[in-house]
Amino acid sequence: MAIISVHNLRKTYGEKVAVDDVSFAVEEGEIFGIVGRNGAGKTTTVECVAGLRTPSSGVVEFGAGLTDVKEQIGVQLQDCSLPDKLRVGEALDLYASFYSRPADWRSLLGEVGLDPGTAFSALSGGQRQRLSIALALVGNPRVAILDELTTGLDPQARRDIWKLISRIREMGVTVLLVTHFMEEVERLCDRVAVISSGRVLAMDSPEGLIARAGGRQRIVFRSTAPVDALRALPEVTSVSRDGDEVVVTGTGDLVAAVVGALPSGQLAGLRTERTTFDDAFLALTGHAAE
């Protein structure tokens, strides 16, 4: 059942069209991603959903018993800034006072792994993002809108945030996730809308969009043995050779099929590659992700 439905959303600023006829639905309990390059219209879209901006036209509807948007939607925007001397516990206690039925912010601290006595100025980038997520959840929302929350983080901090988002969904919160990191989409999202120049180009599961881009595997290895027979294998779609380096593309259990078809000991340095969400994004938009 859809908890958020967006119909023909459009947002303009004078002559500039930021969002152009965007439609999608977010099902309760899922992590729904909105992905696109910087300036694609992702943030404007979710700010309209959250009520922070007024659409020029179109409709945003809420279902599944979500009746009080201010109480039941938590929002984490791209930039989180608090007074330097404000402590983590003080910030959460303050934000909790804004809601009629807030979550226990002390329990949230355990989820995000922060010390209530730490001043905002002493937090690292990853810790500030975890605090930002806790502030989005302190109202005990049914939906969390998280906008580019891992931008600028180191790889370990990014993965820590990914684990936290997965735990948020396990807590029963529906997540609307905005990102331009393709690996983030593959790791977290149940479904994703690809936005470019303010329009939705495609919407599916990450696996479904990868399949549209070909969904093929690629095997690279070295061999001096004849490889023409590989072209007859049902799993193989193409074979190319440059000296002793062989490149095979195909589907299914490609590795087993190729290894089984070559003489024993006639294959070395095998590595496999697969179509990624980066490839799918490039195929859909004509641009690589940042």
# chains A, B, ... in the order shown; residues from 1 in each chain; ligands from 1

$ select_by_dssp --residues "range 91-200 of chain A" --states "helix (DSSP H, G or I)" --output "PyMOL selection string"
chain A and resi 91-96+105-112+120-122+125-137+155-170+182-188

$ residues_around --residues "Ala18 in chain A" --least-positions-apart "2" --cutoff "10 Å" --atoms "only C-alpha atoms" --output "ChimeraX atom specification"
/A:10-13,15-16,20,39-45,197-199

$ closest_residue --among "A:His7, A:Arg101, A:Arg128, A:Arg231" --to "Val59 in chain A" --atoms "only C-alpha atoms"
A:His7

$ closest_residue --among "A:Thr151, A:Asn140, A:Gln129, A:Ser196" --to "Gln76 in chain A" --atoms "only C-alpha atoms"
A:Gln129

$ residues_around --residues "range 269-282 of chain A" --least-positions-apart "2" --cutoff "8 Å" --atoms "only C-alpha atoms" --output "VMD selection string"
chain A and resid 182 to 183 185 to 186 194 206 209 to 210 212 to 222 267 284 to 289

$ atom_distance --atom1 "CA of Arg142 in chain A" --atom2 "CA of Val192 in chain A"
19.3 Å

$ closest_residue --among "A:Gly29, A:Val88, A:Ile34, A:Ala256" --to "Ala119 in chain A" --atoms "only C-alpha atoms"
A:Val88

$ residues_around --residues "Ser223 in chain A" --least-positions-apart "6" --cutoff "7 Å" --atoms "only C-alpha atoms" --output "PyMOL selection string"
chain A and resi 244-246+266-268

$ write_last_selection --atoms "C-alpha atoms" --output "mmCIF file, in the first residue's frame"
data_model
loop_
_atom_site.group_PDB
_atom_site.id
_atom_site.type_symbol
_atom_site.label_atom_id
_atom_site.label_comp_id
_atom_site.auth_asym_id
_atom_site.auth_seq_id
_atom_site.Cartn_x
_atom_site.Cartn_y
_atom_site.Cartn_z
ATOM 1 C CA ASP A 244 46.453 -14.235 -25.042
ATOM 2 C CA GLU A 245 43.789 -12.099 -23.298
ATOM 3 C CA VAL A 246 40.240 -13.339 -23.847
ATOM 4 C CA GLN A 266 44.552 -23.642 -20.180
ATOM 5 C CA LEU A 267 43.081 -20.676 -18.327
ATOM 6 C CA ALA A 268 44.858 -18.189 -16.032
#
